[in-house]
>>> print(open('final-v7.cif').read())   # mmCIF, C-alpha atoms and all ligand atoms
data_entry
loop_
_atom_site.group_PDB
_atom_site.id
_atom_site.type_symbol
_atom_site.label_atom_id
_atom_site.label_comp_id
_atom_site.auth_asym_id
_atom_site.auth_seq_id
_atom_site.Cartn_x
_atom_site.Cartn_y
_atom_site.Cartn_z
ATOM 1 C CA MET H 1348 0.000 0.000 0.000
ATOM 2 C CA ILE H 1349 0.986 3.593 -0.463
ATOM 3 C CA VAL H 1350 -0.494 6.559 1.395
ATOM 4 C CA VAL H 1351 0.057 10.015 -0.049
ATOM 5 C CA ALA H 1352 -0.411 13.201 1.974
ATOM 6 C CA ASN H 1353 -1.576 16.103 -0.189
ATOM 7 C CA TRP H 1354 -1.112 19.201 1.942
ATOM 8 C CA LYS H 1355 -2.580 21.406 -0.821
ATOM 9 C CA MET H 1356 -2.015 25.129 -0.033
ATOM 10 C CA PHE H 1357 -1.755 24.599 3.723
ATOM 11 C CA HIS H 1358 1.064 25.041 6.241
ATOM 12 C CA THR H 1359 3.900 27.554 6.179
ATOM 13 C CA PRO H 1360 7.431 26.129 5.914
ATOM 14 C CA SER H 1361 7.784 26.299 9.729
ATOM 15 C CA GLN H 1362 4.506 24.429 10.234
ATOM 16 C CA ALA H 1363 5.500 21.930 7.559
ATOM 17 C CA GLU H 1364 8.759 21.318 9.379
ATOM 18 C CA MET H 1365 6.987 20.644 12.686
ATOM 19 C CA LEU H 1366 4.441 18.338 11.120
ATOM 20 C CA SER H 1367 6.990 16.325 9.167
ATOM 21 C CA LYS H 1368 9.220 15.954 12.248
ATOM 22 C CA SER H 1369 6.268 14.569 14.153
ATOM 23 C CA LEU H 1370 5.345 12.163 11.334
ATOM 24 C CA VAL H 1371 8.891 10.919 10.826
ATOM 25 C CA SER H 1372 9.561 10.308 14.516
ATOM 26 C CA THR H 1373 6.423 8.205 14.953
ATOM 27 C CA LEU H 1374 6.049 6.557 11.575
ATOM 28 C CA SER H 1375 9.604 5.663 10.554
ATOM 29 C CA PRO H 1376 10.032 2.933 13.196
ATOM 30 C CA LYS H 1377 6.552 1.522 12.468
ATOM 31 C CA LEU H 1378 7.035 1.468 8.699
ATOM 32 C CA SER H 1379 10.275 -0.443 9.027
ATOM 33 C CA GLN H 1380 8.778 -3.080 11.386
ATOM 34 C CA VAL H 1381 6.543 -4.784 8.857
ATOM 35 C CA THR H 1382 6.174 -8.549 9.307
ATOM 36 C CA ASN H 1383 4.865 -11.212 6.926
ATOM 37 C CA ASP H 1384 1.298 -10.876 8.237
ATOM 38 C CA SER H 1385 1.093 -7.126 8.194
ATOM 39 C CA GLN H 1386 0.740 -4.756 5.310
ATOM 40 C CA ALA H 1387 3.812 -2.926 3.973
ATOM 41 C CA CYS H 1388 3.165 0.760 3.498
ATOM 42 C CA GLU H 1389 5.051 3.529 1.771
ATOM 43 C CA VAL H 1390 4.242 7.108 2.737
ATOM 44 C CA VAL H 1391 4.616 10.136 0.462
ATOM 45 C CA ILE H 1392 4.432 13.696 1.755
ATOM 46 C CA CYS H 1393 3.500 16.395 -0.772
ATOM 47 C CA PRO H 1394 3.932 19.851 0.766
ATOM 48 C CA PRO H 1395 3.688 23.131 -1.182
ATOM 49 C CA TYR H 1396 6.796 23.895 -3.298
ATOM 50 C CA VAL H 1397 8.194 26.362 -0.747
ATOM 51 C CA SER H 1398 8.431 23.637 1.890
ATOM 52 C CA LEU H 1399 9.889 20.835 -0.229
ATOM 53 C CA GLU H 1400 13.475 21.459 0.744
ATOM 54 C CA ARG H 1401 12.772 21.731 4.476
ATOM 55 C CA VAL H 1402 10.671 18.581 4.521
ATOM 56 C CA LYS H 1403 13.327 16.766 2.496
ATOM 57 C CA THR H 1404 15.949 17.624 5.119
ATOM 58 C CA ILE H 1405 13.785 15.986 7.769
ATOM 59 C CA LEU H 1406 13.022 12.876 5.723
ATOM 60 C CA SER H 1407 16.557 12.307 4.604
ATOM 61 C CA PRO H 1408 18.340 10.046 5.244
ATOM 62 C CA ALA H 1409 15.987 8.720 7.914
ATOM 63 C CA ASP H 1410 13.878 6.272 5.983
ATOM 64 C CA SER H 1411 13.182 5.368 2.387
ATOM 65 C CA SER H 1412 9.606 4.395 3.266
ATOM 66 C CA ILE H 1413 8.711 8.092 3.635
ATOM 67 C CA ARG H 1414 9.248 9.875 0.339
ATOM 68 C CA LEU H 1415 8.916 13.418 -0.912
ATOM 69 C CA GLY H 1416 6.276 14.430 -3.466
ATOM 70 C CA ALA H 1417 5.243 17.645 -5.233
ATOM 71 C CA GLN H 1418 1.726 18.821 -6.084
ATOM 72 C CA ASP H 1419 2.329 19.859 -9.689
ATOM 73 C CA LEU H 1420 5.023 20.773 -12.228
ATOM 74 C CA HIS H 1421 5.275 22.485 -15.588
ATOM 75 C CA TRP H 1422 6.002 20.273 -18.592
ATOM 76 C CA GLU H 1423 8.532 22.590 -20.246
ATOM 77 C CA GLU H 1424 12.221 22.307 -19.517
ATOM 78 C CA GLN H 1425 13.771 25.312 -17.787
ATOM 79 C CA SER H 1426 12.521 28.311 -19.745
ATOM 80 C CA ALA H 1427 10.700 31.655 -19.476
ATOM 81 C CA ARG H 1428 7.589 30.523 -17.551
ATOM 82 C CA THR H 1429 7.214 32.991 -14.689
ATOM 83 C CA GLY H 1430 5.854 31.352 -11.567
ATOM 84 C CA LYS H 1431 6.303 27.767 -12.755
ATOM 85 C CA VAL H 1432 8.549 24.897 -11.646
ATOM 86 C CA SER H 1433 10.111 22.306 -13.971
ATOM 87 C CA ALA H 1434 10.485 18.572 -13.433
ATOM 88 C CA ASP H 1435 14.298 18.677 -13.319
ATOM 89 C CA MET H 1436 14.137 21.277 -10.515
ATOM 90 C CA LEU H 1437 11.965 18.917 -8.489
ATOM 91 C CA ALA H 1438 14.181 15.929 -9.251
ATOM 92 C CA ASP H 1439 17.216 17.892 -8.083
ATOM 93 C CA LEU H 1440 15.443 18.474 -4.732
ATOM 94 C CA GLY H 1441 14.865 14.746 -4.289
ATOM 95 C CA VAL H 1442 11.199 14.700 -5.261
ATOM 96 C CA ALA H 1443 10.168 11.111 -6.047
ATOM 97 C CA TYR H 1444 6.448 11.594 -6.832
ATOM 98 C CA VAL H 1445 4.239 14.309 -8.285
ATOM 99 C CA ILE H 1446 0.444 14.681 -8.125
ATOM 100 C CA LEU H 1447 -0.924 15.580 -11.571
ATOM 101 C CA GLY H 1448 -4.395 16.492 -12.804
ATOM 102 C CA HIS H 1449 -5.913 17.069 -9.374
ATOM 103 C CA SER H 1450 -9.534 18.207 -9.673
ATOM 104 C CA GLU H 1451 -8.634 21.521 -8.003
ATOM 105 C CA GLN H 1452 -6.038 22.119 -10.739
ATOM 106 C CA ARG H 1453 -8.655 21.192 -13.331
ATOM 107 C CA GLU H 1454 -11.285 23.466 -11.774
ATOM 108 C CA TYR H 1455 -9.237 26.559 -10.908
ATOM 109 C CA PHE H 1456 -6.160 26.474 -13.172
ATOM 110 C CA HIS H 1457 -7.329 25.199 -16.579
ATOM 111 C CA GLU H 1458 -5.715 21.767 -16.193
ATOM 112 C CA ASN H 1459 -6.963 19.294 -18.783
ATOM 113 C CA ASN H 1460 -6.086 15.790 -19.955
ATOM 114 C CA SER H 1461 -3.743 17.145 -22.606
ATOM 115 C CA SER H 1462 -1.703 19.240 -20.138
ATOM 116 C CA VAL H 1463 -1.651 16.290 -17.712
ATOM 117 C CA ASN H 1464 -0.276 14.116 -20.528
ATOM 118 C CA LYS H 1465 2.618 16.544 -21.129
ATOM 119 C CA LYS H 1466 3.294 16.758 -17.396
ATOM 120 C CA ILE H 1467 3.400 12.958 -17.043
ATOM 121 C CA LYS H 1468 6.030 12.766 -19.794
ATOM 122 C CA ALA H 1469 8.128 15.509 -18.147
ATOM 123 C CA ALA H 1470 7.891 13.779 -14.758
ATOM 124 C CA LEU H 1471 8.867 10.352 -16.091
ATOM 125 C CA SER H 1472 11.820 11.733 -18.075
ATOM 126 C CA ASN H 1473 13.124 13.038 -14.773
ATOM 127 C CA ASN H 1474 12.530 9.792 -12.872
ATOM 128 C CA ILE H 1475 9.587 11.191 -10.937
ATOM 129 C CA LYS H 1476 6.573 8.895 -10.542
ATOM 130 C CA ALA H 1477 3.270 10.476 -11.601
ATOM 131 C CA ILE H 1478 0.141 10.201 -9.448
ATOM 132 C CA ILE H 1479 -2.612 10.937 -11.958
ATOM 133 C CA CYS H 1480 -5.956 12.065 -10.540
ATOM 134 C CA VAL H 1481 -9.228 11.099 -12.188
ATOM 135 C CA GLY H 1482 -12.816 11.352 -11.007
ATOM 136 C CA GLU H 1483 -16.336 12.505 -11.780
ATOM 137 C CA SER H 1484 -18.571 15.293 -10.484
ATOM 138 C CA ILE H 1485 -21.846 14.524 -8.734
ATOM 139 C CA GLU H 1486 -23.793 15.646 -11.827
ATOM 140 C CA GLN H 1487 -21.814 13.243 -14.022
ATOM 141 C CA ARG H 1488 -22.454 10.412 -11.554
ATOM 142 C CA GLU H 1489 -26.176 11.154 -11.440
ATOM 143 C CA MET H 1490 -26.299 11.097 -15.240
ATOM 144 C CA GLY H 1491 -24.652 7.634 -15.258
ATOM 145 C CA LYS H 1492 -21.500 8.929 -16.927
ATOM 146 C CA VAL H 1493 -18.841 7.750 -14.457
ATOM 147 C CA ASN H 1494 -17.254 5.175 -16.760
ATOM 148 C CA ASP H 1495 -17.286 7.505 -19.778
ATOM 149 C CA ILE H 1496 -15.517 10.256 -17.820
ATOM 150 C CA ILE H 1497 -12.918 7.926 -16.302
ATOM 151 C CA ASN H 1498 -12.272 6.209 -19.642
ATOM 152 C CA LYS H 1499 -11.702 9.542 -21.407
ATOM 153 C CA GLN H 1500 -9.439 10.834 -18.648
ATOM 154 C CA ILE H 1501 -7.262 7.718 -18.718
ATOM 155 C CA LEU H 1502 -7.039 7.394 -22.497
ATOM 156 C CA GLU H 1503 -6.147 11.066 -22.977
ATOM 157 C CA CYS H 1504 -3.741 11.305 -20.035
ATOM 158 C CA PHE H 1505 -1.873 8.137 -21.110
ATOM 159 C CA LEU H 1506 -1.654 9.058 -24.799
ATOM 160 C CA GLY H 1507 1.782 8.053 -26.098
ATOM 161 C CA ILE H 1508 2.862 6.555 -22.749
ATOM 162 C CA SER H 1509 4.477 3.122 -23.195
ATOM 163 C CA LYS H 1510 3.730 0.259 -20.825
ATOM 164 C CA GLU H 1511 7.248 0.515 -19.371
ATOM 165 C CA GLU H 1512 6.437 4.138 -18.530
ATOM 166 C CA ALA H 1513 2.884 3.394 -17.385
ATOM 167 C CA ILE H 1514 4.077 1.186 -14.530
ATOM 168 C CA LYS H 1515 5.850 4.240 -13.119
ATOM 169 C CA CYS H 1516 2.465 5.961 -12.878
ATOM 170 C CA LEU H 1517 -0.193 5.633 -10.197
ATOM 171 C CA ILE H 1518 -3.841 6.551 -10.612
ATOM 172 C CA ALA H 1519 -5.809 8.278 -7.870
ATOM 173 C CA TYR H 1520 -9.579 7.943 -8.132
ATOM 174 C CA GLU H 1521 -10.966 11.030 -6.442
ATOM 175 C CA PRO H 1522 -14.693 11.569 -6.991
ATOM 176 C CA LEU H 1523 -15.175 15.342 -6.775
ATOM 177 C CA TRP H 1524 -18.207 14.991 -4.533
ATOM 178 C CA ALA H 1525 -16.143 13.152 -1.906
ATOM 179 C CA ILE H 1526 -13.298 15.696 -1.659
ATOM 180 C CA GLY H 1527 -13.414 17.760 1.529
ATOM 181 C CA THR H 1528 -17.045 16.833 2.138
ATOM 182 C CA ALA H 1529 -16.666 14.233 4.913
ATOM 183 C CA LYS H 1530 -18.711 11.957 2.620
ATOM 184 C CA ALA H 1531 -16.363 9.302 1.269
ATOM 185 C CA ALA H 1532 -17.530 6.992 -1.500
ATOM 186 C CA THR H 1533 -18.868 3.671 -0.219
ATOM 187 C CA SER H 1534 -16.753 0.525 -0.489
ATOM 188 C CA SER H 1535 -18.851 -0.772 -3.372
ATOM 189 C CA GLU H 1536 -18.666 2.538 -5.251
ATOM 190 C CA VAL H 1537 -14.876 2.558 -4.823
ATOM 191 C CA GLN H 1538 -14.418 -1.086 -5.871
ATOM 192 C CA GLU H 1539 -16.662 -0.629 -8.915
ATOM 193 C CA VAL H 1540 -14.647 2.316 -10.252
ATOM 194 C CA HIS H 1541 -11.230 0.857 -9.329
ATOM 195 C CA ALA H 1542 -12.087 -2.383 -11.135
ATOM 196 C CA TYR H 1543 -13.213 -0.347 -14.134
ATOM 197 C CA ILE H 1544 -9.927 1.637 -14.101
ATOM 198 C CA ARG H 1545 -8.038 -1.677 -14.019
ATOM 199 C CA SER H 1546 -10.034 -2.923 -17.012
ATOM 200 C CA VAL H 1547 -9.353 0.259 -19.008
ATOM 201 C CA LEU H 1548 -5.619 -0.136 -18.272
ATOM 202 C CA SER H 1549 -5.778 -3.799 -19.215
ATOM 203 C CA ASP H 1550 -7.354 -2.943 -22.589
ATOM 204 C CA LEU H 1551 -4.882 -0.123 -23.159
ATOM 205 C CA TYR H 1552 -1.801 -2.159 -22.196
ATOM 206 C CA ASP H 1553 -2.250 -5.728 -20.938
ATOM 207 C CA HIS H 1554 -3.423 -7.531 -17.814
ATOM 208 C CA GLU H 1555 0.038 -7.726 -16.235
ATOM 209 C CA THR H 1556 0.717 -4.022 -16.718
ATOM 210 C CA ALA H 1557 -2.728 -3.152 -15.349
ATOM 211 C CA THR H 1558 -2.057 -5.103 -12.145
ATOM 212 C CA LYS H 1559 1.274 -3.332 -11.652
ATOM 213 C CA ILE H 1560 -0.232 0.170 -11.741
ATOM 214 C CA GLN H 1561 -1.269 1.176 -8.233
ATOM 215 C CA ILE H 1562 -4.759 2.639 -7.908
ATOM 216 C CA LEU H 1563 -5.346 4.935 -4.943
ATOM 217 C CA TYR H 1564 -8.623 6.209 -3.536
ATOM 218 C CA GLY H 1565 -8.994 9.832 -2.396
ATOM 219 C CA GLY H 1566 -11.918 11.773 -0.967
ATOM 220 C CA SER H 1567 -12.611 12.161 2.772
ATOM 221 C CA VAL H 1568 -10.271 9.351 3.848
ATOM 222 C CA LYS H 1569 -10.160 9.519 7.655
ATOM 223 C CA GLU H 1570 -8.999 7.362 10.517
ATOM 224 C CA GLU H 1571 -12.627 6.173 10.904
ATOM 225 C CA ASN H 1572 -12.935 4.734 7.371
ATOM 226 C CA ALA H 1573 -9.313 3.920 6.451
ATOM 227 C CA ALA H 1574 -9.392 0.334 7.747
ATOM 228 C CA ASP H 1575 -12.528 -0.531 5.749
ATOM 229 C CA LEU H 1576 -11.306 1.194 2.594
ATOM 230 C CA ALA H 1577 -7.966 -0.616 2.872
ATOM 231 C CA LEU H 1578 -9.787 -3.963 2.623
ATOM 232 C CA ILE H 1579 -11.176 -3.199 -0.847
ATOM 233 C CA ARG H 1580 -9.627 -5.514 -3.435
ATOM 234 C CA ASP H 1581 -8.522 -2.990 -6.038
ATOM 235 C CA VAL H 1582 -7.442 -0.301 -3.568
ATOM 236 C CA ASP H 1583 -3.643 -0.028 -3.428
ATOM 237 C CA GLY H 1584 -3.482 3.070 -1.265
ATOM 238 C CA PHE H 1585 -4.923 6.489 -0.469
ATOM 239 C CA LEU H 1586 -4.512 10.113 -1.429
ATOM 240 C CA VAL H 1587 -5.357 12.075 1.707
ATOM 241 C CA GLY H 1588 -6.125 15.801 1.942
ATOM 242 C CA GLY H 1589 -7.565 17.301 5.142
ATOM 243 C CA ALA H 1590 -6.681 14.433 7.476
ATOM 244 C CA SER H 1591 -3.022 14.581 6.388
ATOM 245 C CA LEU H 1592 -2.639 18.085 7.839
ATOM 246 C CA VAL H 1593 -2.939 16.928 11.434
ATOM 247 C CA ALA H 1594 -0.219 14.613 12.733
ATOM 248 C CA GLU H 1595 -2.448 12.428 14.916
ATOM 249 C CA LYS H 1596 -5.088 11.965 12.216
ATOM 250 C CA PHE H 1597 -2.592 11.052 9.512
ATOM 251 C CA LYS H 1598 -0.710 8.682 11.810
ATOM 252 C CA ALA H 1599 -4.004 6.952 12.657
ATOM 253 C CA ILE H 1600 -4.671 6.367 8.945
ATOM 254 C CA ILE H 1601 -1.217 4.843 8.483
ATOM 255 C CA MET H 1602 -1.702 2.633 11.543
ATOM 256 C CA ALA H 1603 -5.046 1.433 10.125
ATOM 257 C CA VAL H 1604 -3.339 0.527 6.853
ATOM 258 C CA LEU H 1605 -0.437 -1.210 8.603
ATOM 259 C CA SER H 1606 -2.816 -3.328 10.650
ATOM 260 C CA SER H 1607 -4.969 -4.378 7.712
ATOM 261 C CA PRO H 1608 -4.374 -7.941 6.446
ATOM 262 C CA ALA H 1609 -1.496 -8.292 3.957
HETATM 263 P P1 LIG Q 1 -9.841 15.284 1.471
HETATM 264 O O1 LIG Q 1 -9.099 14.098 2.034
HETATM 265 O O2 LIG Q 1 -9.709 16.518 2.303
HETATM 266 O O3 LIG Q 1 -11.242 14.934 1.104
HETATM 267 O O4 LIG Q 1 -9.103 15.668 0.084
HETATM 268 C C1 LIG Q 1 -8.886 14.680 -0.861
HETATM 269 C C2 LIG Q 1 -7.946 15.197 -1.871
HETATM 270 O O5 LIG Q 1 -8.285 16.071 -2.653
HETATM 271 C C3 LIG Q 1 -6.581 14.643 -1.888
HETATM 272 O O6 LIG Q 1 -5.920 14.990 -3.058
#
>>> encode(input="final-v7.cif", output="structure tokens", more="lines below")
Ligand code: 13P
Amino acid sequence: MIVVANWKMFHTPSQAEMLSKSLVSTLSPKLSQVTNDSQACEVVICPPYVSLERVKTILSPADSSIRLGAQDLHWEEQSARTGKVSADMLADLGVAYVILGHSEQREYFHENNSSVNKKIKAALSNNIKAIICVGESIEQREMGKVNDIINKQILECFLGISKEEAIKCLIAYEPLWAIGTAKAATSSEVQEVHAYIRSVLSDLYDHETATKIQILYGGSVKEENAADLALIRDVDGFLVGGASLVAEKFKAIIMAVLSSPA
């Protein structure tokens, strides 16, 4: 399993430093104590750009099971793009993962499947794994369009991505109506969409490749529902927003994952 903390636009660098120190001191020993019966779990922390370096200093060289992630990048190589950050800059800082195509990027900053596709290619060329967000709005769900939306997002985001590259990508299913609402999707809703994502990947590549691509669920994951969500067959991890901003809440989610059956 893999649990990714998306801190969004929260926490100053000083707050980020305190939170990551607290997470590392508690989680590092637990993550390295995995036995045959318990679940292995990798943790990724994605702070805002301005805190990447500080968080990296705390993570390194403590433990490779807690990795650094970014929340976006620009697909161009270093060039005149005021306000943007390139993939090689992130790689140089030790960033191992990047979240791409988050619904907030799509809603507020004109992100679309074509820009996500270019960003995935830039990330992979710099050895950064791409966490690609997909998901439907409540209106699309009510109109019975979930599969159509997810299919289009995956096909367009993965355009021109080989299967060797695809296995360095993760997909995060984040239904828009479950983000920040305290109303997570039910286990059957999650399994239905994750299985569909797996089938789209299987058609696009092959069965083996589809099983290697980790599919995360995001949307109101909390300590109260993490254990149940972790039991779902096609769930390989979580992308956590609000609950990742508070040390005790995020630790409780990780503990729930670690104690779920392997
Ligand atoms: P919440 O966990 O706050 O619902 O946010 C989910 C999310 O958007 C993670 O990327």
>>> atom_distance(input="final-v7.cif", atom1="atom CA of H:Leu1420", atom2="atom CA of H:Val1593")
25.3 Å
>>> residues_around(input="final-v7.cif", residues="stretch 1433-1436 of chain H", least_positions_apart="6", cutoff="10 Å", atoms="all atoms listed in the file", output="ChimeraX atom specification")
/H:1417,1419-1426,1442,1445,1466-1475
>>> axis_aligned_box(input="final-v7.cif", around="ligand LIG 1 (chain Q)", padding_each_side="8 Å", output="JSON")
{"center_x": -8.6, "center_y": 15.3, "center_z": -0.4, "size_x": 21.3, "size_y": 18.4, "size_z": 21.4}
>>> residues_near_ligand(input="final-v7.cif", ligand="ligand LIG 1 (chain Q)", cutoff="7 Å", atoms="only C-alpha atoms and all ligand atoms", output="ChimeraX atom specification")
/H:1353,1449,1521,1525-1529,1565-1568,1586-1590
>>> resolve_selection(input="final-v7.cif", expression="the PyMOL selection byres (((chain H and resi 1354) around 7) and not hetatm)", output="PyMOL selection string")
chain H and resi 1352-1353+1355-1357+1393-1395+1588+1591-1592
>>> resolve_selection(input="final-v7.cif", expression="the PyMOL selection byres (((chain H and resi 1540) around 10) and not hetatm)", output="list in words")
Gly1482, Val1493, Asn1494, Ile1497, Tyr1520, Pro1522, Ser1535, Glu1536, Val1537, Gln1538, Glu1539, His1541, Ala1542, Tyr1543, Ile1544, Arg1545, Ser1546, Tyr1564 and Asp1581 of chain H
>>> residues_near_point(input="final-v7.cif", point="(7.9, 12.4, -5.2)", cutoff="9 Å", atoms="only C-alpha atoms", output="VMD selection string")
chain H and resid 1391 to 1393 1414 to 1418 1437 to 1438 1441 to 1446 1475 to 1477
>>> closest_residue(input="final-v7.cif", among="H:Asn1459, H:Ser1411, H:Thr1429, H:Thr1533", to="H:Ser1379", atoms="all atoms listed in the file")
H:Ser1411
>>> closest_atom_pairs(input="final-v7.cif", of="stretch 1558-1583 of chain H", to="stretch 1595-1600 of chain H", cutoff="8 Å", atoms="all atoms listed in the file", output="Markdown table")
| residue | atom | partner | partner_atom | distance |
| --- | --- | --- | --- | --- |
| H:Lys1569 | CA | H:Ile1600 | CA | 6.5 |
| H:Glu1570 | CA | H:Ile1600 | CA | 4.7 |
| H:Ala1573 | CA | H:Ile1600 | CA | 5.8 |
| H:Ala1574 | CA | H:Ile1600 | CA | 7.8 |
>>> write_last_selection(input="final-v7.cif", atoms="C-alpha atoms", output="PDB file, in the frame of the given file")
ATOM      1  CA  LYS H1569     -10.160   9.519   7.655  1.00  0.00           C
ATOM      2  CA  GLU H1570      -8.999   7.362  10.517  1.00  0.00           C
ATOM      3  CA  ALA H1573      -9.313   3.920   6.451  1.00  0.00           C
ATOM      4  CA  ALA H1574      -9.392   0.334   7.747  1.00  0.00           C
TER       5      ALA H1574
END
>>> resolve_selection(input="final-v7.cif", expression="the PyMOL selection byres (((chain H and resi 1371) around 9) and not hetatm)", output="PyMOL selection string")
chain H and resi 1366-1370+1372-1376+1405-1406+1409-1410+1413
>>> atom_distance(input="final-v7.cif", atom1="atom CA of H:Thr1558", atom2="atom CA of H:Lys1499")
19.8 Å
>>> atom_distance(input="final-v7.cif", atom1="atom CA of H:Ser1398", atom2="atom CA of H:Met1365")
11.3 Å
>>> closest_residue(input="final-v7.cif", among="H:Cys1516, H:Leu1502, H:Gln1487, H:Trp1524", to="H:Asp1550", atoms="only C-alpha atoms")
H:Leu1502
>>> closest_residue(input="final-v7.cif", among="H:Ser1607, H:Thr1556, H:Ser1462, H:Thr1404", to="H:Ser1509", atoms="all atoms listed in the file")
H:Thr1556
>>> closest_residue(input="final-v7.cif", among="H:Leu1447, H:Ala1531, H:Ile1579, H:Met1490", to="H:Cys1504", atoms="all atoms listed in the file")
H:Leu1447
>>> residues_around(input="final-v7.cif", residues="H:Glu1555", least_positions_apart="3", cutoff="12 Å", atoms="all atoms listed in the file", output="VMD selection string")
chain H and resid 1510 to 1511 1513 to 1514 1545 to 1546 1548 to 1552 1558 to 1560
